[in-house]
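Inspection log for the structure reproduced underneath, given as structure tokens.
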Amino acid sequence: MELWDIYDKDKKRTGRTMERDDWRLKEGEYHLSVLGIIVRPDGRYLVTQRKLDKPWAPGWWEVPGGAVQAGEKSVDAVIREIHEETGLDVKDADGGFLFSYHRENPGDNYFVDVYKFEMDFNEEDIILQQSEAQAFMITDISKIEEIAAEGIFLHYNSIKQAFKGGK
């Protein structure tokens with residue numbers, strides 16, 4: 001059973017935990033997720049496409065990410081999630097934390113820590129997590145914006161500022 005820490009409105013751990021995907025958070029309670037944008041020195045980004053059997057946003061494009069587990073640091077979670085989902089190891093890559101945002105939904109309030117890493121990699125370096133993604137693309141910002149305009153890029157409006165400038 002995967003446990004997540006419960007955070008307060010100031011993004012401080014409360015000392016309590018919740019089971020993964022137990023969407024019964026009260027007002028003022030949050031969980032923490034991470035997103036990791038990966039850019040190559042040539043300004044091209046790695047994006048993945050969600051499997052079609054996903055209950056939420058099947059077939060949509062996204063950057064790697066996921067939940068921070070109980071007791072885990074945000075930076076360790078993003079490094080773990082990127083490695084699990086893409087096979088890339090960003091622990092020694094340039095970059096790091098950019099910003100946080102939060103959302104409030106009935107029973108599902110969350111913070112998201114957004115990271116950006118620059119590293120050189122090729123298509124052969126990508127090993128997709130078969131349970132999460134069905135495809136990937138190494139592409140430029142114009143293609144990402146095109147996908148976002150179609151309404152099928154997760155979190156784009158919340159993270160688009162992280163893509164600006166290419167690197």
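Chain labels run A, B, ... following the order of the structure tokens; each chain numbers its residues from 1, and ligands are numbered from 1 in the order shown.
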
Margin query: DSSP on the backbone, strand (DSSP E) only: what residues of region 110-159 of chain A does that give? Format it as a ChimeraX atom specification.
Written below: /A:110-118,133-139

Notebook entry, point to check: Looking only at the backbone, which of the residues in chain A does DSSP tag as helix (DSSP H, G or I), as a PyMOL selection string?
Noted result: chain A and resi 74-86+123-125+141-149+156-163

With N, CA, C and O atoms retained, could you export that selection as a CSV table (one decimal), in the first residue's frame?
```csv
chain,number,residue,atom,x,y,z
A,74,SER,N,10.5,16.1,-2.2
A,74,SER,CA,10.0,16.4,-3.5
A,74,SER,C,11.0,16.1,-4.6
A,74,SER,O,10.7,15.5,-5.6
A,75,VAL,N,12.2,16.5,-4.4
A,75,VAL,CA,13.3,16.3,-5.4
A,75,VAL,C,13.6,14.8,-5.6
A,75,VAL,O,13.8,14.4,-6.8
A,76,ASP,N,13.5,14.1,-4.6
A,76,ASP,CA,13.8,12.6,-4.7
A,76,ASP,C,12.6,12.0,-5.5
A,76,ASP,O,12.8,11.0,-6.3
A,77,ALA,N,11.4,12.5,-5.2
A,77,ALA,CA,10.2,11.9,-5.9
A,77,ALA,C,10.3,12.2,-7.4
A,77,ALA,O,10.0,11.3,-8.3
A,78,VAL,N,10.7,13.4,-7.8
A,78,VAL,CA,10.8,13.7,-9.3
A,78,VAL,C,11.9,12.9,-9.9
A,78,VAL,O,11.7,12.4,-11.1
A,79,ILE,N,13.0,12.7,-9.3
A,79,ILE,CA,14.1,11.9,-9.8
A,79,ILE,C,13.6,10.5,-10.0
A,79,ILE,O,13.8,9.8,-11.0
A,80,ARG,N,12.9,9.9,-9.0
A,80,ARG,CA,12.3,8.6,-9.0
A,80,ARG,C,11.3,8.4,-10.1
A,80,ARG,O,11.3,7.5,-11.0
A,81,GLU,N,10.3,9.4,-10.2
A,81,GLU,CA,9.3,9.3,-11.2
A,81,GLU,C,9.8,9.4,-12.6
A,81,GLU,O,9.4,8.6,-13.5
A,82,ILE,N,10.8,10.3,-12.9
A,82,ILE,CA,11.4,10.4,-14.2
A,82,ILE,C,12.0,9.1,-14.6
A,82,ILE,O,11.9,8.5,-15.7
A,83,HIS,N,12.8,8.5,-13.6
A,83,HIS,CA,13.5,7.2,-13.9
A,83,HIS,C,12.5,6.1,-14.2
A,83,HIS,O,12.6,5.3,-15.1
A,84,GLU,N,11.5,6.0,-13.3
A,84,GLU,CA,10.5,4.9,-13.5
A,84,GLU,C,9.7,5.0,-14.8
A,84,GLU,O,9.5,4.0,-15.5
A,85,GLU,N,9.4,6.3,-15.2
A,85,GLU,CA,8.6,6.5,-16.4
A,85,GLU,C,9.3,6.5,-17.7
A,85,GLU,O,8.8,6.2,-18.8
A,86,THR,N,10.6,6.9,-17.7
A,86,THR,CA,11.4,7.1,-18.9
A,86,THR,C,12.7,6.4,-19.0
A,86,THR,O,13.3,6.3,-20.0
A,123,GLU,N,16.8,8.9,-28.4
A,123,GLU,CA,15.6,8.0,-28.3
A,123,GLU,C,16.0,6.7,-27.8
A,123,GLU,O,15.2,6.1,-27.0
A,124,GLU,N,17.2,6.2,-28.0
A,124,GLU,CA,17.6,4.9,-27.6
A,124,GLU,C,17.7,4.8,-26.0
A,124,GLU,O,17.7,3.7,-25.4
A,125,ASP,N,17.8,6.0,-25.4
A,125,ASP,CA,18.0,6.0,-23.9
A,125,ASP,C,16.6,5.9,-23.2
A,125,ASP,O,16.6,5.7,-22.0
A,141,ILE,N,9.0,23.3,-28.7
A,141,ILE,CA,7.9,23.9,-28.0
A,141,ILE,C,6.7,24.1,-29.0
A,141,ILE,O,5.6,24.1,-28.5
A,142,SER,N,7.0,24.3,-30.2
A,142,SER,CA,5.8,24.6,-31.1
A,142,SER,C,4.9,23.4,-31.2
A,142,SER,O,3.7,23.5,-31.3
A,143,LYS,N,5.5,22.2,-31.2
A,143,LYS,CA,4.7,20.9,-31.3
A,143,LYS,C,3.9,20.8,-29.9
A,143,LYS,O,2.7,20.4,-29.9
A,144,ILE,N,4.6,21.1,-28.8
A,144,ILE,CA,3.9,21.0,-27.5
A,144,ILE,C,2.7,22.0,-27.5
A,144,ILE,O,1.7,21.6,-27.0
A,145,GLU,N,3.0,23.2,-28.0
A,145,GLU,CA,1.9,24.2,-28.0
A,145,GLU,C,0.7,23.7,-28.9
A,145,GLU,O,-0.4,24.0,-28.6
A,146,GLU,N,1.1,23.1,-30.0
A,146,GLU,CA,0.0,22.5,-30.9
A,146,GLU,C,-0.8,21.5,-30.2
A,146,GLU,O,-2.0,21.5,-30.3
A,147,ILE,N,-0.2,20.6,-29.5
A,147,ILE,CA,-0.9,19.5,-28.7
A,147,ILE,C,-1.7,20.2,-27.6
A,147,ILE,O,-2.9,19.8,-27.4
A,148,ALA,N,-1.2,21.2,-26.9
A,148,ALA,CA,-1.9,21.9,-25.9
A,148,ALA,C,-3.1,22.6,-26.5
A,148,ALA,O,-4.2,22.6,-25.8
A,149,ALA,N,-3.0,23.1,-27.7
A,149,ALA,CA,-4.1,23.8,-28.3
A,149,ALA,C,-5.3,22.8,-28.6
A,149,ALA,O,-6.4,23.2,-28.7
A,156,TYR,N,-0.7,21.6,-19.0
A,156,TYR,CA,0.0,22.6,-19.8
A,156,TYR,C,-0.2,24.1,-19.3
A,156,TYR,O,0.8,24.8,-19.2
A,157,ASN,N,-1.4,24.5,-19.1
A,157,ASN,CA,-1.6,25.9,-18.7
A,157,ASN,C,-0.9,26.2,-17.4
A,157,ASN,O,-0.5,27.3,-17.1
A,158,SER,N,-0.7,25.2,-16.5
A,158,SER,CA,-0.1,25.4,-15.2
A,158,SER,C,1.4,25.4,-15.3
A,158,SER,O,2.1,26.0,-14.5
A,159,ILE,N,2.0,24.8,-16.4
A,159,ILE,CA,3.4,24.7,-16.5
A,159,ILE,C,4.0,25.3,-17.7
A,159,ILE,O,5.3,25.3,-17.9
A,160,LYS,N,3.2,26.0,-18.6
A,160,LYS,CA,3.7,26.5,-19.8
A,160,LYS,C,4.9,27.4,-19.7
A,160,LYS,O,5.8,27.5,-20.5
A,161,GLN,N,4.9,28.2,-18.6
A,161,GLN,CA,6.0,29.1,-18.4
A,161,GLN,C,7.3,28.4,-18.2
A,161,GLN,O,8.4,29.0,-18.6
A,162,ALA,N,7.3,27.1,-17.8
A,162,ALA,CA,8.6,26.4,-17.7
A,162,ALA,C,9.2,26.0,-19.0
A,162,ALA,O,10.4,25.7,-19.1
A,163,PHE,N,8.3,26.0,-20.1
A,163,PHE,CA,8.8,25.6,-21.4
A,163,PHE,C,9.4,26.8,-22.1
A,163,PHE,O,10.2,26.7,-23.1
```

Next item on the list: Quick one: everything within 10 Å of Arg24 (chain A), counting only C-alpha atoms, minus sequence neighbours fewer than 4 positions away in the same chain. Send it as an MDAnalysis selection string.
Entry: chainID A and resid 18:19 29 106:109

Emit the selected residues as an mmCIF file, in the first residue's frame, including N, CA, C and O atoms.
```cif
data_model
loop_
_atom_site.group_PDB
_atom_site.id
_atom_site.type_symbol
_atom_site.label_atom_id
_atom_site.label_comp_id
_atom_site.auth_asym_id
_atom_site.auth_seq_id
_atom_site.Cartn_x
_atom_site.Cartn_y
_atom_site.Cartn_z
ATOM 1 N N MET A 18 -2.228 9.532 3.972
ATOM 2 C CA MET A 18 -3.409 9.008 3.299
ATOM 3 C C MET A 18 -2.976 7.882 2.387
ATOM 4 O O MET A 18 -1.810 7.816 1.980
ATOM 5 N N GLU A 19 -3.891 6.980 2.072
ATOM 6 C CA GLU A 19 -3.599 5.940 1.099
ATOM 7 C C GLU A 19 -3.646 6.556 -0.295
ATOM 8 O O GLU A 19 -4.418 7.483 -0.550
ATOM 9 N N GLU A 29 -6.480 20.477 3.525
ATOM 10 C CA GLU A 29 -5.553 19.342 3.444
ATOM 11 C C GLU A 29 -5.178 19.124 1.984
ATOM 12 O O GLU A 29 -6.025 19.245 1.094
ATOM 13 N N PRO A 106 -12.992 18.954 -4.909
ATOM 14 C CA PRO A 106 -13.653 18.210 -3.829
ATOM 15 C C PRO A 106 -12.906 16.907 -3.498
ATOM 16 O O PRO A 106 -12.814 16.018 -4.333
ATOM 17 N N GLY A 107 -12.314 16.846 -2.313
ATOM 18 C CA GLY A 107 -11.599 15.661 -1.853
ATOM 19 C C GLY A 107 -10.207 15.471 -2.404
ATOM 20 O O GLY A 107 -9.491 14.558 -1.990
ATOM 21 N N ASP A 108 -9.801 16.301 -3.366
ATOM 22 C CA ASP A 108 -8.493 16.139 -4.006
ATOM 23 C C ASP A 108 -7.802 17.487 -4.151
ATOM 24 O O ASP A 108 -7.746 18.063 -5.238
ATOM 25 N N ASN A 109 -7.278 17.976 -3.052
ATOM 26 C CA ASN A 109 -6.489 19.200 -3.064
ATOM 27 C C ASN A 109 -5.027 18.799 -3.185
ATOM 28 O O ASN A 109 -4.596 17.862 -2.521
#
```

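Going from CA of Val39 (chain A) to CA of Met119 (chain A) covers 6.4 Å.
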
Please report, as a tab-separated table, each residue of region 16-60 of chain A lying at most 8 Å from region 3-10 of chain A, together with the nearest pair of atoms and the separation in Å rounded to one decimal; use only C-alpha atoms, and order rows by chain and ascending residue number.
```
residue	atom	partner	partner_atom	distance
A:Arg16	CA	A:Ile6	CA	5.6
A:Thr17	CA	A:Asp5	CA	4.4
A:Met18	CA	A:Trp4	CA	5.3
A:Glu19	CA	A:Leu3	CA	4.7
A:Arg20	CA	A:Leu3	CA	5.6
A:Gly28	CA	A:Lys9	CA	5.3
A:Glu29	CA	A:Asp8	CA	5.1
A:Tyr30	CA	A:Tyr7	CA	4.9
A:His31	CA	A:Ile6	CA	5.2
A:Leu32	CA	A:Tyr7	CA	7.5
```

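Distance-wise, CA of Gly43 (chain A) and CA of Thr139 (chain A) end up 8.5 Å apart.
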
Item checked: Selection: 6 Å around Glu62 (chain A), only C-alpha atoms, excl. self and same-chain fewer than 3 positions, as a list of chain:residue names -> A:Val47, A:Thr48, A:Phe153, A:Leu154

Next, the residues of the selection above should be written as a PDB file, in the first residue's frame with N, CA, C and O atoms.
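Result file selection.pdb:
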```pdb
ATOM      1  N   VAL A  47       8.352  14.337 -24.070  1.00  0.00           N
ATOM      2  CA  VAL A  47       6.968  14.229 -23.604  1.00  0.00           C
ATOM      3  C   VAL A  47       6.511  12.794 -23.845  1.00  0.00           C
ATOM      4  O   VAL A  47       6.994  12.120 -24.753  1.00  0.00           O
ATOM      5  N   THR A  48       5.596  12.333 -22.995  1.00  0.00           N
ATOM      6  CA  THR A  48       5.089  10.968 -23.113  1.00  0.00           C
ATOM      7  C   THR A  48       3.584  10.986 -23.320  1.00  0.00           C
ATOM      8  O   THR A  48       2.898  11.930 -22.920  1.00  0.00           O
ATOM      9  N   PHE A 153      -2.862  18.031 -23.617  1.00  0.00           N
ATOM     10  CA  PHE A 153      -1.568  18.034 -22.923  1.00  0.00           C
ATOM     11  C   PHE A 153      -1.848  18.356 -21.462  1.00  0.00           C
ATOM     12  O   PHE A 153      -2.252  19.477 -21.127  1.00  0.00           O
ATOM     13  N   LEU A 154      -1.641  17.375 -20.593  1.00  0.00           N
ATOM     14  CA  LEU A 154      -1.952  17.533 -19.172  1.00  0.00           C
ATOM     15  C   LEU A 154      -1.121  18.631 -18.521  1.00  0.00           C
ATOM     16  O   LEU A 154       0.079  18.738 -18.767  1.00  0.00           O
TER      17      LEU A 154
END
```

Check: Using only C-alpha atoms, which residue out of A:Gly36, A:Gly151, A:Pro58, A:Gly65 lies closest to Phe97 (chain A)?
Finding: A:Gly36
